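For reference, data_1.tsv (TSV, C-alpha atoms):
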```tsv
chain	number	residue	atom	x	y	z
A	1443	MET	CA	150.64	99.49	96.60
A	1444	GLY	CA	148.12	97.04	98.15
A	1445	LYS	CA	147.11	93.66	96.77
A	1446	VAL	CA	145.40	93.95	93.41
A	1447	LYS	CA	141.91	92.47	93.38
A	1448	ARG	CA	141.09	89.93	90.70
A	1449	ASN	CA	138.50	92.07	88.91
A	1450	MET	CA	140.53	95.30	88.98
A	1451	PRO	CA	142.39	96.54	85.85
A	1452	CYS	CA	145.82	94.91	85.62
A	1453	PRO	CA	148.56	97.35	86.78
A	1454	CYS	CA	150.67	96.40	83.75
A	1455	GLY	CA	148.43	98.60	81.59
A	1456	SER	CA	147.09	95.92	79.26
A	1457	GLY	CA	143.47	97.00	79.82
A	1458	LEU	CA	142.52	93.48	80.91
A	1459	LYS	CA	141.29	92.46	84.32
A	1460	TYR	CA	144.02	91.34	86.69
A	1461	LYS	CA	142.60	87.78	86.86
A	1462	LYS	CA	142.85	87.48	83.07
A	1463	CYS	CA	146.33	88.95	82.82
A	1464	CYS	CA	149.19	88.98	85.34
A	1465	GLY	CA	146.94	87.40	87.98
A	1466	LYS	CA	146.87	84.12	86.09
A	1467	SER	CA	148.67	81.14	87.56
A	1468	GLU	CA	151.87	79.79	86.03
A	1469	ALA	CA	149.81	77.06	84.40
A	1470	GLU	CA	147.74	79.79	82.77
A	1471	PHE	CA	150.59	81.96	81.57
A	1472	PRO	CA	148.76	84.70	79.62
A	1473	SER	CA	149.11	84.63	75.85
A	1474	ILE	CA	149.80	88.37	75.82
A	1475	ALA	CA	152.87	87.72	78.01
A	1476	VAL	CA	154.02	85.03	75.57
A	1477	GLN	CA	153.80	87.56	72.74
A	1478	GLU	CA	155.73	90.09	74.82
A	1479	LEU	CA	158.48	87.55	75.43
A	1480	LYS	CA	158.80	86.93	71.70
A	1481	GLN	CA	159.17	90.68	71.18
A	1482	VAL	CA	161.73	90.98	73.98
A	1483	GLN	CA	163.87	88.35	72.25
A	1484	LYS	CA	164.00	90.54	69.15
A	1485	ASP	CA	164.54	93.68	71.23
A	1486	VAL	CA	167.54	92.17	73.04
A	1487	MET	CA	169.32	91.32	69.79
A	1488	GLU	CA	168.44	94.68	68.22
A	1489	PHE	CA	169.82	96.39	71.33
A	1490	ALA	CA	173.02	94.33	71.05
A	1491	PHE	CA	173.62	95.08	67.35
A	1492	THR	CA	172.86	98.81	67.69
A	1493	GLU	CA	174.03	99.92	71.13
A	1494	HIS	CA	176.98	97.50	71.11
A	1495	LYS	CA	177.56	97.13	67.39
A	1496	GLU	CA	181.30	97.80	67.42
A	1497	THR	CA	181.83	95.42	70.35
A	1498	ILE	CA	179.78	92.66	68.72
A	1499	ASP	CA	181.64	93.11	65.42
A	1500	GLN	CA	184.99	92.81	67.18
A	1501	PHE	CA	183.76	89.77	69.09
A	1502	LEU	CA	182.66	87.97	65.90
A	1503	ASN	CA	185.72	88.99	63.87
A	1504	GLN	CA	188.04	87.09	66.22
A	1505	TYR	CA	186.65	83.78	64.93
A	1506	SER	CA	188.54	83.32	61.68
A	1507	PHE	CA	186.83	80.00	60.85
A	1508	LEU	CA	183.69	81.96	59.87
A	1509	SER	CA	185.34	83.27	56.71
A	1510	ASP	CA	185.94	79.71	55.46
A	1511	LEU	CA	182.24	78.78	55.57
A	1512	GLU	CA	179.63	78.89	52.85
A	1513	GLN	CA	177.24	81.83	53.13
A	1514	SER	CA	174.32	79.88	54.63
A	1515	ALA	CA	176.54	78.14	57.20
A	1516	GLN	CA	178.22	81.44	58.00
A	1517	LYS	CA	174.86	83.10	58.78
A	1518	ILE	CA	173.91	80.26	61.10
A	1519	CYS	CA	177.24	80.47	62.95
A	1520	VAL	CA	177.12	84.26	63.23
A	1521	PHE	CA	173.65	84.05	64.78
A	1522	ASN	CA	174.66	81.38	67.29
A	1523	LEU	CA	177.92	83.07	68.23
A	1524	GLY	CA	176.09	86.39	68.49
A	1525	VAL	CA	173.47	85.06	70.91
A	1526	TRP	CA	176.15	83.27	72.93
A	1527	GLY	CA	178.21	86.46	73.11
A	1528	VAL	CA	175.23	88.59	74.16
A	1529	PHE	CA	174.23	86.29	77.02
A	1530	SER	CA	177.49	84.69	78.16
A	1531	GLN	CA	180.42	87.04	77.55
A	1532	PRO	CA	181.33	90.16	79.61
A	1533	LEU	CA	181.26	92.48	76.59
A	1534	ALA	CA	179.50	95.46	78.18
A	1535	GLU	CA	180.88	98.13	80.48
A	1536	GLY	CA	181.61	97.04	84.03
A	1537	GLY	CA	182.07	93.40	83.13
A	1538	LEU	CA	178.38	92.92	82.38
A	1539	THR	CA	177.03	90.81	79.58
A	1540	ILE	CA	175.13	92.74	76.92
A	1541	PHE	CA	171.94	91.05	78.14
A	1542	GLU	CA	172.60	92.27	81.68
A	1543	ASP	CA	173.20	95.74	80.26
A	1544	TYR	CA	169.85	95.47	78.43
A	1545	LEU	CA	168.07	94.62	81.69
A	1546	LYS	CA	169.83	97.48	83.44
A	1547	ARG	CA	168.91	100.08	80.80
A	1548	LYS	CA	165.69	98.74	79.31
A	1549	GLY	CA	164.27	96.42	81.96
A	1550	SER	CA	161.98	99.08	83.41
A	1551	SER	CA	160.06	99.18	80.12
A	1552	ILE	CA	158.84	95.62	80.75
A	1553	LEU	CA	155.73	96.34	82.82
A	1554	ARG	CA	154.05	92.96	83.12
A	1555	SER	CA	155.45	91.13	86.15
A	1556	GLN	CA	155.18	87.66	84.59
A	1557	THR	CA	156.99	88.81	81.47
A	1558	LYS	CA	159.77	90.42	83.47
A	1559	GLU	CA	160.22	87.40	85.72
A	1560	ALA	CA	160.50	85.13	82.69
A	1561	VAL	CA	163.03	87.42	80.98
A	1562	GLU	CA	165.19	87.54	84.11
A	1563	THR	CA	165.54	83.74	84.01
A	1564	TRP	CA	167.40	84.12	80.71
A	1565	THR	CA	170.52	85.37	82.53
A	1566	ASN	CA	171.96	81.85	82.44
A	1567	LEU	CA	170.96	81.21	78.84
A	1568	ALA	CA	173.30	78.74	77.13
A	1569	PRO	CA	173.29	76.87	73.81
A	1570	ALA	CA	172.36	73.21	73.69
A	1571	LEU	CA	172.84	70.46	71.12
A	1572	LEU	CA	169.81	68.21	71.45
A	1573	ARG	CA	168.82	64.95	69.75
A	1574	VAL	CA	165.14	64.31	68.98
A	1575	LYS	CA	163.93	61.27	70.92
A	1576	HIS	CA	160.15	61.54	70.68
A	1577	ILE	CA	157.66	63.76	68.89
A	1578	GLY	CA	154.32	64.43	70.56
A	1579	ASP	CA	151.47	66.86	70.07
A	1580	ALA	CA	153.23	70.26	69.82
A	1581	LEU	CA	155.95	68.95	72.16
A	1582	ILE	CA	159.28	67.34	71.28
A	1583	ARG	CA	161.33	65.37	73.79
A	1584	PHE	CA	165.06	65.76	73.31
A	1585	GLU	CA	168.17	64.29	74.89
A	1586	ASP	CA	170.98	66.73	75.60
A	1587	ALA	CA	174.02	65.50	73.65
A	1588	VAL	CA	176.41	66.70	76.39
A	1589	THR	CA	174.63	65.98	79.68
A	1590	ASN	CA	172.21	63.25	78.47
A	1591	GLU	CA	169.43	65.04	80.32
A	1592	GLU	CA	165.91	65.04	78.92
A	1593	VAL	CA	164.59	68.36	77.60
A	1594	THR	CA	161.01	68.88	76.42
A	1595	VAL	CA	160.45	71.81	74.06
A	1596	LYS	CA	157.17	73.23	72.82
A	1597	MET	CA	157.34	73.26	69.02
A	1598	ASN	CA	155.60	71.85	65.97
A	1599	VAL	CA	157.24	69.58	63.41
A	1600	LYS	CA	157.24	71.19	59.98
A	1601	ARG	CA	157.95	69.65	56.60
A	1602	GLU	CA	161.66	70.23	57.10
A	1603	GLY	CA	161.62	68.70	60.59
A	1604	PRO	CA	163.03	68.15	63.08
A	1605	PHE	CA	162.44	64.39	63.02
A	1606	VAL	CA	163.43	61.57	65.36
A	1607	GLY	CA	167.20	61.01	65.31
A	1608	GLU	CA	168.05	64.50	64.11
A	1609	TYR	CA	170.04	67.02	66.14
A	1610	VAL	CA	168.88	70.55	66.91
A	1611	LEU	CA	171.17	73.38	68.00
A	1612	GLY	CA	169.46	76.19	69.85
A	1613	PHE	CA	169.11	78.22	73.04
A	1614	PRO	CA	166.30	76.84	75.25
A	1615	ILE	CA	164.41	79.46	77.27
A	1616	LYS	CA	161.53	79.34	79.72
A	1617	VAL	CA	158.28	80.87	78.48
A	1618	GLY	CA	155.74	80.49	81.25
A	1619	GLY	CA	155.35	76.82	82.09
A	1620	HIS	CA	157.12	75.47	79.02
A	1621	THR	CA	160.42	75.68	77.12
A	1622	GLU	CA	160.97	77.17	73.67
A	1623	PHE	CA	164.02	78.08	71.59
A	1624	PHE	CA	165.32	81.65	71.60
A	1625	LEU	CA	164.33	83.15	68.21
A	1626	GLN	CA	165.49	80.29	65.97
A	1627	PHE	CA	167.23	76.93	65.88
A	1628	THR	CA	169.35	74.84	63.51
A	1629	ILE	CA	168.46	71.30	62.39
A	1630	TYR	CA	171.18	68.77	61.54
A	1631	PRO	CA	169.90	65.80	59.47
A	1632	ALA	CA	170.06	62.26	60.85
A	1633	LYS	CA	172.77	61.27	58.36
A	1634	MET	CA	175.13	63.67	60.16
A	1635	ALA	CA	174.47	62.11	63.57
A	1636	GLU	CA	177.63	60.02	63.82
A	1637	ALA	CA	179.84	62.87	62.59
A	1638	LEU	CA	178.27	65.28	65.09
A	1639	LYS	CA	178.72	62.85	67.98
A	1640	SER	CA	182.38	62.38	67.06
A	1641	ARG	CA	183.03	66.13	66.76
A	1642	LEU	CA	181.24	66.89	70.01
A	1643	SER	CA	183.24	64.17	71.75
A	1644	GLU	CA	186.48	65.75	70.52
A	1645	ALA	CA	185.40	69.17	71.81
A	1646	LEU	CA	184.34	67.71	75.15
A	1647	ASP	CA	187.59	65.77	75.61
A	1648	ARG	CA	189.56	68.93	74.90
A	1649	PHE	CA	187.52	70.98	77.38
A	1650	THR	CA	187.52	68.48	80.25
A	1651	GLY	CA	191.19	67.72	79.60
A	1652	GLU	CA	191.91	71.36	80.43
A	1653	GLY	CA	189.97	71.10	83.69
A	1654	GLY	CA	186.53	72.21	82.50
A	1655	ALA	CA	183.32	70.68	83.85
A	1656	LYS	CA	181.26	68.79	81.26
A	1657	GLU	CA	178.09	70.69	82.22
A	1658	GLN	CA	179.80	74.02	81.38
A	1659	LEU	CA	181.06	73.04	77.92
A	1660	MET	CA	178.37	74.79	75.88
A	1661	ARG	CA	178.33	77.95	78.00
A	1662	GLU	CA	182.08	78.41	78.36
A	1663	ASP	CA	183.59	76.84	75.24
A	1664	PHE	CA	180.79	77.11	72.68
A	1665	HIS	CA	182.99	78.74	70.03
A	1666	HIS	CA	185.17	75.64	69.86
A	1667	VAL	CA	182.12	73.37	69.77
A	1668	LEU	CA	180.58	75.40	66.95
A	1669	MET	CA	183.83	75.36	65.02
A	1670	LYS	CA	183.85	71.55	65.27
A	1671	LEU	CA	180.20	71.29	64.20
A	1672	CYS	CA	180.88	73.48	61.17
A	1673	GLN	CA	183.83	71.47	59.89
A	1674	GLN	CA	183.51	71.06	56.14
A	1675	GLU	CA	182.90	67.53	54.91
A	1676	GLU	CA	185.38	66.19	52.36
A	1677	HIS	CA	183.53	66.05	49.08
A	1678	PRO	CA	184.35	63.42	46.45
A	1679	SER	CA	186.05	64.50	43.25
A	1680	PRO	CA	183.85	64.91	40.16
A	1681	GLU	CA	184.98	61.46	38.96
A	1682	GLN	CA	183.87	59.89	42.27
A	1683	ALA	CA	180.71	61.89	42.85
A	1684	PRO	CA	177.43	60.01	42.34
A	1685	GLN	CA	175.39	61.07	39.33
A	1686	GLU	CA	172.56	63.44	40.15
A	1687	ILE	CA	169.12	62.00	39.42
A	1688	GLU	CA	167.13	64.04	36.94
A	1689	TRP	CA	163.53	64.58	38.03
A	1690	ALA	CA	160.63	65.56	35.82
A	1691	ASN	CA	159.57	68.31	38.22
A	1692	ASP	CA	160.29	69.84	41.62
A	1693	MET	CA	157.55	67.86	43.39
A	1694	GLU	CA	159.12	64.55	42.37
A	1695	LYS	CA	162.48	65.76	43.67
A	1696	GLU	CA	160.97	67.09	46.89
A	1697	THR	CA	159.23	63.76	47.48
A	1698	ALA	CA	162.57	61.99	46.99
A	1699	LEU	CA	164.07	64.13	49.74
A	1700	VAL	CA	161.19	63.29	52.08
A	1701	ILE	CA	161.62	59.57	51.29
A	1702	GLU	CA	165.37	59.76	51.95
A	1703	LYS	CA	164.80	61.50	55.27
A	1704	GLY	CA	162.13	58.97	56.22
A	1705	MET	CA	164.47	56.04	55.57
A	1706	LEU	CA	167.32	57.62	57.54
A	1707	ASP	CA	164.98	58.44	60.42
A	1708	GLU	CA	164.12	54.73	60.66
A	1709	GLY	CA	167.80	53.89	61.07
A	1710	HIS	CA	168.44	52.65	57.53
A	1711	SER	CA	171.84	53.26	55.92
A	1712	GLU	CA	172.43	55.93	53.29
A	1713	THR	CA	172.84	53.12	50.75
A	1714	PHE	CA	169.40	51.77	51.62
A	1715	ALA	CA	167.91	55.28	51.47
A	1716	SER	CA	169.42	55.73	48.00
A	1717	TRP	CA	167.89	52.42	46.91
A	1718	ALA	CA	164.49	53.63	48.15
A	1719	VAL	CA	164.88	56.82	46.13
A	1720	GLY	CA	165.69	54.64	43.11
A	1721	LEU	CA	162.38	52.84	43.60
A	1722	TRP	CA	160.62	56.20	43.64
A	1723	LYS	CA	162.41	57.19	40.43
A	1724	SER	CA	161.22	53.99	38.72
A	1725	TYR	CA	157.65	54.65	39.81
A	1726	CYS	CA	157.79	58.26	38.57
A	1727	ALA	CA	159.23	57.19	35.22
A	1728	LYS	CA	156.32	54.82	34.64
A	1729	LYS	CA	153.47	56.76	36.23
A	1730	ALA	CA	154.38	60.49	36.06
A	1731	PRO	CA	152.25	61.06	39.19
A	1732	VAL	CA	150.40	64.28	40.00
A	1733	ILE	CA	151.78	65.14	43.43
A	1734	LYS	CA	149.79	67.41	45.74
A	1735	LYS	CA	151.29	66.23	49.03
A	1736	THR	CA	154.79	64.78	49.01
A	1737	GLU	CA	154.35	63.08	52.39
A	1738	ALA	CA	151.50	60.92	51.05
A	1739	PHE	CA	153.75	59.25	48.47
A	1740	ALA	CA	156.66	59.00	50.92
A	1741	ALA	CA	154.47	57.20	53.46
A	1742	ALA	CA	153.08	54.85	50.81
A	1743	LEU	CA	156.52	53.99	49.43
A	1744	GLU	CA	157.87	53.31	52.91
A	1745	TYR	CA	154.93	50.95	53.53
A	1746	PHE	CA	155.56	49.29	50.17
A	1747	ILE	CA	159.25	48.79	51.02
A	1748	ASN	CA	158.36	47.41	54.44
A	1749	THR	CA	155.96	44.97	52.80
A	1750	VAL	CA	158.15	43.67	49.97
A	1751	SER	CA	161.37	43.53	52.01
A	1752	LYS	CA	159.68	41.30	54.61
A	1753	SER	CA	161.17	43.42	57.35
A	1754	ASP	CA	161.11	42.18	60.94
A	1755	LYS	CA	159.59	45.55	61.87
A	1756	SER	CA	155.84	45.51	61.37
A	1757	VAL	CA	154.74	49.00	60.37
A	1758	SER	CA	151.06	49.73	59.89
A	1759	GLN	CA	149.60	52.20	57.43
A	1760	ALA	CA	148.10	54.07	60.38
A	1761	LYS	CA	151.52	54.47	62.02
A	1762	LEU	CA	153.09	55.77	58.81
A	1763	ALA	CA	150.11	58.08	58.26
A	1764	LYS	CA	150.78	59.61	61.67
A	1765	LYS	CA	154.52	59.86	61.01
A	1766	TYR	CA	154.02	61.76	57.75
A	1767	GLY	CA	150.92	63.73	58.75
A	1768	VAL	CA	148.49	62.22	56.24
A	1769	SER	CA	145.41	59.97	56.48
A	1770	ALA	CA	145.63	56.18	56.55
A	1771	SER	CA	143.22	55.97	53.60
A	1772	THR	CA	145.55	58.16	51.55
A	1773	VAL	CA	148.49	55.90	52.37
A	1774	SER	CA	146.41	52.87	51.36
A	1775	ASN	CA	145.42	54.37	48.01
A	1776	ARG	CA	148.93	55.49	47.12
A	1777	PHE	CA	150.37	52.13	48.22
A	1778	LYS	CA	148.01	50.21	45.92
A	1779	ASP	CA	149.06	52.37	43.00
A	1780	ILE	CA	152.79	52.00	43.72
A	1781	GLU	CA	152.38	48.24	44.16
A	1782	SER	CA	150.55	47.98	40.83
A	1783	VAL	CA	153.10	50.05	38.90
A	1784	LEU	CA	156.23	48.39	40.30
A	1785	LYS	CA	155.10	44.77	40.43
A	1786	GLU	CA	156.63	43.85	37.05
A	1787	GLU	CA	160.10	45.06	38.07
A	1788	LEU	CA	159.86	44.05	41.71
A	1789	ASP	CA	162.24	41.07	41.51
A	1790	HIS	CA	164.88	43.24	39.86
A	1791	HIS	CA	164.59	45.91	42.54
A	1792	LEU	CA	164.77	43.34	45.33
A	1793	GLU	CA	167.99	41.95	43.87
A	1794	LEU	CA	169.50	45.43	44.14
A	1795	MET	CA	168.22	46.04	47.67
A	1796	PRO	CA	171.10	46.52	50.14
A	1797	SER	CA	171.28	43.85	52.82
```

Reformat the file's structure so that it appears as structure tokens.
Amino acid sequence: MGKVKRNMPCPCGSGLKYKKCCGKSEAEFPSIAVQELKQVQKDVMEFAFTEHKETIDQFLNQYSFLSDLEQSAQKICVFNLGVWGVFSQPLAEGGLTIFEDYLKRKGSSILRSQTKEAVETWTNLAPALLRVKHIGDALIRFEDAVTNEEVTVKMNVKREGPFVGEYVLGFPIKVGGHTEFFLQFTIYPAKMAEALKSRLSEALDRFTGEGGAKEQLMREDFHHVLMKLCQQEEHPSPEQAPQEIEWANDMEKETALVIEKGMLDEGHSETFASWAVGLWKSYCAKKAPVIKKTEAFAAALEYFINTVSKSDKSVSQAKLAKKYGVSASTVSNRFKDIESVLKEELDHHLELMPS
């Protein structure tokens, strides 16, 4: 077949002109190809759990630690182990991975050349544990926890994160000129950072001690890494456990969680974050606020704390507005209200503030 002219119908069958479809440059990766890649991700896993169901079940059943996990943690681990098994382990006939078997049997159904080329780069897909270093406009810059390399991923920050300092576990893939996560990812809160670093270090020492290369840890020994990451925390006995704060409604409680996360993201201790939540509880008890956007109150309280604690870090209302995704005027209004309500008890709260 000769060279396709720019104004001719694209040979992939989309109905679009070649220049607006597969003839686009890498920088103009067509949106229809992006949608196809999202569908291929689902197709690969459906293929694995239908055509290779028995093999996948046997593969997952060998990891006994899964049965000791809570249901939500178990689902996360099953997904991650499943994807790792599909792309990294020779589970298909002839020593192929299930993904290679998918390409062999289903690859011809991918007609668009750009889509197919992108899918073929997934052959070396491996999990990665990444720490959020910087959040930009629809792009997040991570640092790989194993290799320390910088990884930029196209994604938007939602209410639940990820935020700076948090860890994300996922499978980075190339989609045109950018990187995304394969299907889904797992966020670990900032308060788990030290525990995660310690557990990852243990897994890495074990792997390299047996002759493994650091760069191959996640691809070759991911099951041990995941087992370490999923270790259950030792919970205090009922006598030692802190008393649960009773909130008047779900919005007050949700705001408390946003405040706690905001404090931890700034590098404050869990004790300091708890003190900040206590401030919020005092405000709620006096004001009974009508909360439409939790982030507005969280931003205002953080500004209030920064102001009254005389912190060395100067944080503007505009900066906090950007951090929480609200307007600076909203932060200003909420701050004035919090300041007014808490001023009578301020000295008492400052006495309780952790150093």

Item to complete: Kindly provide, as a PyMOL selection string, the polymer residues lying within 8 Å of (166.7, 47.1, 46.4), counting all atoms listed in the file and using the coordinates exactly as they appear in the file.
Response: chain A and resi 1714+1717-1718+1721+1790-1796

Fill in: Residues within 9 Å of region 1520-1527 of chain A, all atoms listed in the file, excluding chain neighbours under 5 positions, as a VMD selection string
chain A and resid 1487 1490 1498 1501 to 1502 1508 1515 1532 to 1533 1539 to 1540 1567 to 1569 1611 to 1613 1624 1627 1661 1664 to 1665 1668

Worksheet, complete the sentence: Computed gap from CA of Glu1478 (chain A) to CA of Thr1492 (chain A) is 20.5 Å

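Ranking A:Thr1497, A:Gln1759, A:Thr1563, A:Gln1516 by their shortest atom-to-atom distance to Gln1531 (chain A), with all atoms listed in the file included, puts A:Thr1497 first.
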
Discussion item. Taking (161.7, 88.1, 79.0) in the coordinates of the supplied file, I want to know which residues reach to within 12 Å of it, counting all atoms listed in the file; could you give the answer as a VMD selection string?
Written reply: chain A and resid 1475 to 1486 1541 to 1542 1544 to 1545 1548 to 1565 1567 1615 to 1618 1624

Worksheet item: Distance CA of Ala1534 (chain A)-CA of Ala1655 (chain A), one decimal place?
Response: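 Taking CA of Ala1534 (chain A) as the start and CA of Ala1655 (chain A) as the end point, the length is 25.7 Å.
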
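With CA of Leu1572 (chain A) on one side and CA of Glu1657 (chain A) on the other, the separation reads 13.8 Å.
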
Worksheet item: Which one of A:Met1669, A:His1710, A:Ala1690, A:Leu1642 sits closest to Ala1730 (chain A) if you count all atoms listed in the file?
Response: A:Ala1690

Find the axis-aligned box for region 1492-1510 of chain A, covering all its listed atoms and adding 6 Å on each side, and write its centre and edge lengths in Å to one decimal as lines of an AutoDock Vina configuration file.
```
center_x = 180.7
center_y = 89.8
center_z = 63.3
size_x = 27.7
size_y = 32.2
size_z = 27.7
```

Discussion item. My list of candidates is A:Ser1514, A:Ser1724, A:Ser1530, A:Ser1711. Which is closest to Val1783 (chain A) when distances are computed with all atoms listed in the file?
Written reply: A:Ser1724

Worksheet item: For Phe1746 (chain A), which residue out of A:Ser1716, A:Asn1590, A:Ser1774, A:Ser1506 is the nearest one, using only C-alpha atoms?
Response: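 Closest residue, counting only C-alpha atoms: A:Ser1774.
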
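Nearest to Val1750 (chain A) of all the residues A:Pro1472, A:Ile1629, A:Pro1451, A:Asp1789 is A:Asp1789, based on only C-alpha atoms.
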
Can you fill out region 1653-1661 of chain A with all heavy atoms and hand it back as a compact mmCIF listing (two decimals), keeping the file's coordinate frame?
```
# COMPACT_ATOMS: atom_id res chain seq x y z
N GLY A 1653 190.51 70.84 82.36
CA GLY A 1653 189.97 71.10 83.69
C GLY A 1653 188.54 71.61 83.71
O GLY A 1653 188.01 71.93 84.78
N GLY A 1654 187.90 71.71 82.55
CA GLY A 1654 186.53 72.21 82.50
C GLY A 1654 185.52 71.15 82.92
O GLY A 1654 185.76 69.95 82.75
N ALA A 1655 184.40 71.59 83.47
CA ALA A 1655 183.32 70.68 83.85
C ALA A 1655 182.42 70.42 82.65
O ALA A 1655 182.07 71.35 81.93
CB ALA A 1655 182.51 71.27 85.00
N LYS A 1656 182.06 69.17 82.44
CA LYS A 1656 181.26 68.79 81.26
C LYS A 1656 180.01 69.66 81.12
O LYS A 1656 179.66 70.08 80.02
CB LYS A 1656 180.86 67.32 81.38
CG LYS A 1656 180.00 66.82 80.24
CD LYS A 1656 179.76 65.33 80.32
CE LYS A 1656 178.77 64.97 81.39
NZ LYS A 1656 178.39 63.53 81.33
N GLU A 1657 179.34 69.93 82.25
CA GLU A 1657 178.09 70.69 82.22
C GLU A 1657 178.28 72.13 81.74
O GLU A 1657 177.31 72.79 81.34
CB GLU A 1657 177.45 70.71 83.62
CG GLU A 1657 177.00 69.35 84.13
CD GLU A 1657 178.17 68.49 84.61
OE1 GLU A 1657 179.29 69.05 84.78
OE2 GLU A 1657 177.98 67.27 84.78
N GLN A 1658 179.52 72.63 81.78
CA GLN A 1658 179.80 74.02 81.38
C GLN A 1658 180.34 74.14 79.96
O GLN A 1658 180.64 75.25 79.50
CB GLN A 1658 180.80 74.64 82.36
CG GLN A 1658 180.27 74.81 83.78
CD GLN A 1658 179.05 75.72 83.82
OE1 GLN A 1658 179.02 76.78 83.20
NE2 GLN A 1658 178.02 75.30 84.54
N LEU A 1659 180.46 73.02 79.26
CA LEU A 1659 181.06 73.04 77.92
C LEU A 1659 180.39 74.05 77.01
O LEU A 1659 181.05 74.91 76.40
CB LEU A 1659 180.99 71.64 77.29
CG LEU A 1659 181.39 71.57 75.80
CD1 LEU A 1659 182.88 71.85 75.63
CD2 LEU A 1659 181.02 70.21 75.21
N MET A 1660 179.07 73.96 76.86
CA MET A 1660 178.37 74.79 75.88
C MET A 1660 178.35 76.26 76.28
O MET A 1660 178.33 77.14 75.42
CB MET A 1660 176.95 74.27 75.69
CG MET A 1660 176.88 72.85 75.14
SD MET A 1660 177.59 72.67 73.49
CE MET A 1660 176.23 73.24 72.47
N ARG A 1661 178.35 76.55 77.55
CA ARG A 1661 178.33 77.95 78.00
C ARG A 1661 179.71 78.59 77.92
O ARG A 1661 179.84 79.75 77.53
CB ARG A 1661 177.79 78.05 79.42
CG ARG A 1661 177.70 79.49 79.93
CD ARG A 1661 176.98 79.59 81.25
NE ARG A 1661 176.97 80.97 81.72
CZ ARG A 1661 176.10 81.90 81.35
NH1 ARG A 1661 175.16 81.60 80.47
NH2 ARG A 1661 176.16 83.13 81.82
```
